[in-house]
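Report on the structure given below.
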Amino acid sequence: MSRTAEDILEFEKLRELLRGRSTCAPGKRALNALQFSEDRAQLEKGFALIHEAREWLRAGKELGFGALADPESWLAKIEGPATVLEAGEFLEAASLLETASWLRQQFGEDEDKFPLLAVRAESVIDFRDVLGLIRRAILPTGEISDDASPELRKIRANILQTRDSIQKSLKQILRARNAGAGEDYVTLRNERFVIPVRTEQRRGVQGIVHGASGTGQTVFVEPFETVDANNQLVQFSEEEAAEIFHILRGLTERLRMVRVPLTSAVETIAELDSAFARARFARDFDAAIPNFSDGAELNFTALRHPVLEDKLRKENRPIVPMTLALGGDQKLLVISGPNTGGKTVALKSTGMAALSAQCGIPVAAQKAVLPLFDRVLVDIGDEQSIAADLSTFSSHMLNLKSILESATQNSLVLVDEMGTGTAPEEGAALAVALLDELKTKNCFVLATTHHDRLKTYAGASQGVVNAAVEFDEVNLRPTYRLTVGVPGGSSGIAIARRLGLTQRIIERARELMAPESLEVAALIAYLHRTRD
């Protein structure tokens with residue numbers, strides 16, 4: 001199965017960057033649910049909320065939900081009429097109720113400055129009455145409090161009194177028997193209080209045996225004198241369990257009554273956590289809120305691929321931003337230049353910007369203006385498949401065929417290394433023909449190439465623009481800068497020289513180059529000098 005545009009452009013890694021900046025499970029799920037959208041009003045509404053969140057952060061404030069336990073499982077349980085939550089689940093529910101109460105108070109004093117945030121916080125209802133019931137019934141340890149109900153308090157008092165009475169009776173029996181060391185204690189077996197008796201002295205204690213020690217030298221006896229009291233204790237314990245179940249069922253029903261507003265509160269928390277995660281991303285990557293153009297305009301200032309930038313930051317290496325402007329009659333860009341010079345990064349950065357903008361994520365750029373695309377179509381990378389018996393060239397052709405069938409005037413098409421994988425002359429001819437066909441569809445196209453014929457085509461064709469990723473001929477290193485308006489040289493021989501091939505091989509390679517190729521290289525060098 002061919003990879004999607006999101007796969008090729010590493011969009012999931014961008015989601016990872018966002019999830020790392022969220023603070024709760026509902027927020028992470030909201031980020032995972034972000035989808036490519038053409039709904040301008042909905043996108044702009046989301047970006048307005050992100051803008052307020054970013055301003056909140058710029059004011060030195062924070063908003064996080066780290067104390068919120070994931071409510072997904074217990075909310076699903078109370079959807080059914082017969083379920084009863086366990087005590088520990090009520091503590092999780094309490095964390096949601098407390099978070100909701102806390103959220104309601106966050107933007108009260110700044111309502112005028114942050115109206116969108118304030119409206120969402122105020123939409124959460126007050127759950128303090130339910131919270132009070134839970135806190136009174138469930139201790140922080142997860143145990144049921146004596147204050148959960150008067151009946152429970154009464155039952156537990158009876159349990160304590162009966163237990164003390166049994167233990168006093170058993171201790172009197174032990175004293176009367178002059179029990180020796182190691183046999184002068186009261187213990188529990190089968191939930192009944194018993195005393196240890198040596199096997200040979202068993203007949204001296206009338207009662208019920210509830211087991212023996214591991215060595216068999218001691219048996220545990222419930223004297224007849226305490227049987228009725230132990231029975232009473234068991235009965236009280238059963239009453240306690242029944243009352244606890246009654247309490248938990250009542251609390252569950254109370255939560256079930258407010259399930260709809262609870263679900264709404266979780267959705268609000270998820271929306272806010274998702275918005276603040278994207279605001280933190282915008283802060284950390286100096287990302288811009290995109291503007292969606294009414295016409296055909298694609299304009300980026302200092303655009304970067306955030307996943308690449310994150311990687312380079314960890315390696316203490318800088319990233320080179322890209323500035324690009326297309327639109328009007330000029331919607332097709334042919335990028336040329338050396339290998340490892342950044343051509344593919346230029347395509348991926350543009351594609352990532354389009355996906356980000358239409359998934360409601362700030363774009364890693366100082367400025368981002370772009371149309372609302374109906375789809376992003378990508379052919380980047382080696383899609384060779386042994387299983388499908390496809391060569392790299394065949395696979396690219398099939399991808400391009402699919403792109404041509406899907407592309408509309410509202411699409412963004414990104415094609416890497418057009419015309420490679422076959423004879424250079426054939427490949428270049430095919431690439432020109434494909435670009436001509438894409439040009440008729442009037443969509444935005446960014447294509448990279450090494451073919452001089454495509455550079456000539458871009459220079460001579462209306463609506464097609466050349467661009468180059470620069471190469472430092474002095475230091476023999478790529479600069480990774482994109483220059484629009486001039487083609488780039490492949491610099492293959494220069495790169496081979498930098499990588500250590502002998503001077504004899506370099507000179508022989510220059511001798512073998514066709515005169516027209518040398519002329520094109522000289523012309524490109526001249527154009528770059530003129531532009532500089």
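All residue names refer to the structure tokens as shown: chains lettered A, B, ... in order, residues numbered from 1 in each chain, ligands numbered from 1 in order.
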
Distance query range 414-428 of chain A at most 9 Å, only C-alpha atoms, self and fewer than 5 positions along chain excluded, as an MDAnalysis selection string: chainID A and resid 343:344 347:348 350:351 376:381 391:394 396 400 433:434 444:454

Residues near Asn442 in chain A, cut-off 7 Å, only C-alpha atoms, skip fewer than 3 positions along chain, as a PyMOL selection string: chain A and resi 409+438-439

Give the strand (DSSP E or B) residues of range 332-497 of chain A, as assigned by DSSP on the backbone, as a ChimeraX atom specification. /A:332-336,363,367-370,375-379,385,390,411-415,444-449,464-472,477-484

Save the residues we just selected, N, CA and C atoms, as a compact mmCIF listing (two decimals), in the first residue's frame?
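File produced: again17.txt:
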# COMPACT_ATOMS: atom_id res chain seq x y z
N LEU A 332 3.85 27.19 -10.51
CA LEU A 332 4.66 25.98 -10.67
C LEU A 332 6.13 26.33 -10.46
N LEU A 333 6.75 25.70 -9.48
CA LEU A 333 8.14 25.99 -9.12
C LEU A 333 9.01 24.76 -9.37
N VAL A 334 10.08 24.94 -10.13
CA VAL A 334 11.05 23.87 -10.39
C VAL A 334 12.31 24.17 -9.59
N ILE A 335 12.62 23.29 -8.61
CA ILE A 335 13.76 23.51 -7.73
C ILE A 335 14.90 22.60 -8.15
N SER A 336 16.06 23.17 -8.37
CA SER A 336 17.24 22.40 -8.74
C SER A 336 18.38 22.74 -7.81
N VAL A 363 1.93 27.28 11.85
CA VAL A 363 2.96 26.91 10.86
C VAL A 363 4.31 27.43 11.33
N LYS A 367 5.83 34.00 8.75
CA LYS A 367 4.59 34.40 8.08
C LYS A 367 4.16 33.25 7.19
N ALA A 368 2.86 32.97 7.16
CA ALA A 368 2.34 31.89 6.33
C ALA A 368 1.00 32.30 5.74
N VAL A 369 0.98 32.46 4.42
CA VAL A 369 -0.24 32.76 3.69
C VAL A 369 -0.42 31.65 2.66
N LEU A 370 -1.58 31.03 2.65
CA LEU A 370 -1.79 29.93 1.71
C LEU A 370 -3.27 29.76 1.44
N ARG A 375 -6.52 19.01 -1.25
CA ARG A 375 -5.69 17.84 -0.92
C ARG A 375 -4.23 18.19 -1.16
N VAL A 376 -3.35 17.45 -0.51
CA VAL A 376 -1.91 17.56 -0.72
C VAL A 376 -1.46 16.23 -1.33
N LEU A 377 -0.91 16.31 -2.55
CA LEU A 377 -0.51 15.11 -3.30
C LEU A 377 1.00 15.07 -3.38
N VAL A 378 1.60 13.96 -2.99
CA VAL A 378 3.04 13.90 -2.79
C VAL A 378 3.64 12.68 -3.47
N ASP A 379 4.75 12.89 -4.17
CA ASP A 379 5.57 11.79 -4.66
C ASP A 379 7.02 12.10 -4.28
N SER A 385 9.17 -1.53 -4.87
CA SER A 385 8.50 -2.64 -4.20
C SER A 385 8.85 -3.95 -4.88
N LEU A 390 7.75 -3.86 -8.73
CA LEU A 390 7.82 -2.50 -9.25
C LEU A 390 9.21 -1.94 -9.07
N SER A 411 -5.46 21.96 -5.57
CA SER A 411 -4.55 20.99 -4.95
C SER A 411 -3.13 21.55 -4.84
N LEU A 412 -2.37 20.96 -3.92
CA LEU A 412 -0.93 21.20 -3.82
C LEU A 412 -0.23 19.91 -4.21
N VAL A 413 0.67 19.99 -5.21
CA VAL A 413 1.37 18.82 -5.71
C VAL A 413 2.86 18.99 -5.44
N LEU A 414 3.47 17.98 -4.83
CA LEU A 414 4.90 17.99 -4.50
C LEU A 414 5.53 16.76 -5.12
N VAL A 415 6.49 16.97 -6.03
CA VAL A 415 7.13 15.86 -6.74
C VAL A 415 8.64 16.00 -6.62
N PHE A 444 -1.09 24.38 -7.60
CA PHE A 444 0.25 24.70 -7.14
C PHE A 444 1.12 23.44 -7.24
N VAL A 445 2.31 23.59 -7.83
CA VAL A 445 3.22 22.46 -8.01
C VAL A 445 4.62 22.88 -7.60
N LEU A 446 5.25 22.08 -6.77
CA LEU A 446 6.68 22.22 -6.46
C LEU A 446 7.34 20.92 -6.88
N ALA A 447 8.35 21.03 -7.77
CA ALA A 447 9.03 19.83 -8.27
C ALA A 447 10.53 20.05 -8.21
N THR A 448 11.26 19.01 -7.83
CA THR A 448 12.72 19.10 -7.82
C THR A 448 13.28 18.29 -8.98
N THR A 449 14.46 18.67 -9.44
CA THR A 449 15.06 17.97 -10.58
C THR A 449 16.56 18.21 -10.63
N VAL A 464 5.83 29.26 -14.96
CA VAL A 464 6.75 28.34 -14.30
C VAL A 464 7.95 29.13 -13.81
N VAL A 465 8.41 28.85 -12.60
CA VAL A 465 9.49 29.61 -11.98
C VAL A 465 10.62 28.66 -11.59
N ASN A 466 11.86 29.08 -11.86
CA ASN A 466 13.03 28.35 -11.40
C ASN A 466 13.36 28.71 -9.95
N ALA A 467 13.95 27.78 -9.25
CA ALA A 467 14.48 28.06 -7.92
C ALA A 467 15.68 27.17 -7.70
N ALA A 468 16.59 27.61 -6.85
CA ALA A 468 17.82 26.85 -6.61
C ALA A 468 18.08 26.75 -5.12
N VAL A 469 18.56 25.58 -4.69
CA VAL A 469 19.16 25.49 -3.37
C VAL A 469 20.65 25.76 -3.59
N GLU A 470 21.17 26.72 -2.86
CA GLU A 470 22.51 27.23 -3.15
C GLU A 470 23.61 26.27 -2.73
N PHE A 471 24.76 26.44 -3.39
CA PHE A 471 25.95 25.65 -3.07
C PHE A 471 27.12 26.61 -2.97
N ASP A 472 27.85 26.52 -1.87
CA ASP A 472 29.02 27.38 -1.64
C ASP A 472 30.20 26.80 -2.42
N ARG A 477 30.34 23.45 0.02
CA ARG A 477 29.31 22.95 0.92
C ARG A 477 27.96 23.55 0.53
N PRO A 478 26.88 22.79 0.69
CA PRO A 478 25.54 23.36 0.46
C PRO A 478 25.21 24.38 1.55
N THR A 479 24.51 25.44 1.17
CA THR A 479 24.09 26.44 2.16
C THR A 479 22.66 26.19 2.63
N TYR A 480 21.92 25.36 1.88
CA TYR A 480 20.52 25.01 2.17
C TYR A 480 19.58 26.19 2.00
N ARG A 481 20.06 27.30 1.42
CA ARG A 481 19.18 28.44 1.16
C ARG A 481 18.47 28.25 -0.18
N LEU A 482 17.20 28.61 -0.21
CA LEU A 482 16.43 28.54 -1.45
C LEU A 482 16.40 29.91 -2.10
N THR A 483 16.80 29.98 -3.36
CA THR A 483 16.80 31.22 -4.12
C THR A 483 15.82 31.07 -5.28
N VAL A 484 14.78 31.89 -5.26
CA VAL A 484 13.76 31.82 -6.29
C VAL A 484 14.14 32.73 -7.45

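Of the listed residues A:Leu298, A:Ala5, A:Leu255, A:Cys359, the one whose atoms come nearest to Gln42 in chain A is A:Cys359, with distances taken using only C-alpha atoms.
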
Could you state the separation of CA of Ala265 in chain A and CA of Phe127 in chain A in Å, given to one decimal place?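 Separating CA of Ala265 in chain A from CA of Phe127 in chain A is a distance of 10.2 Å.
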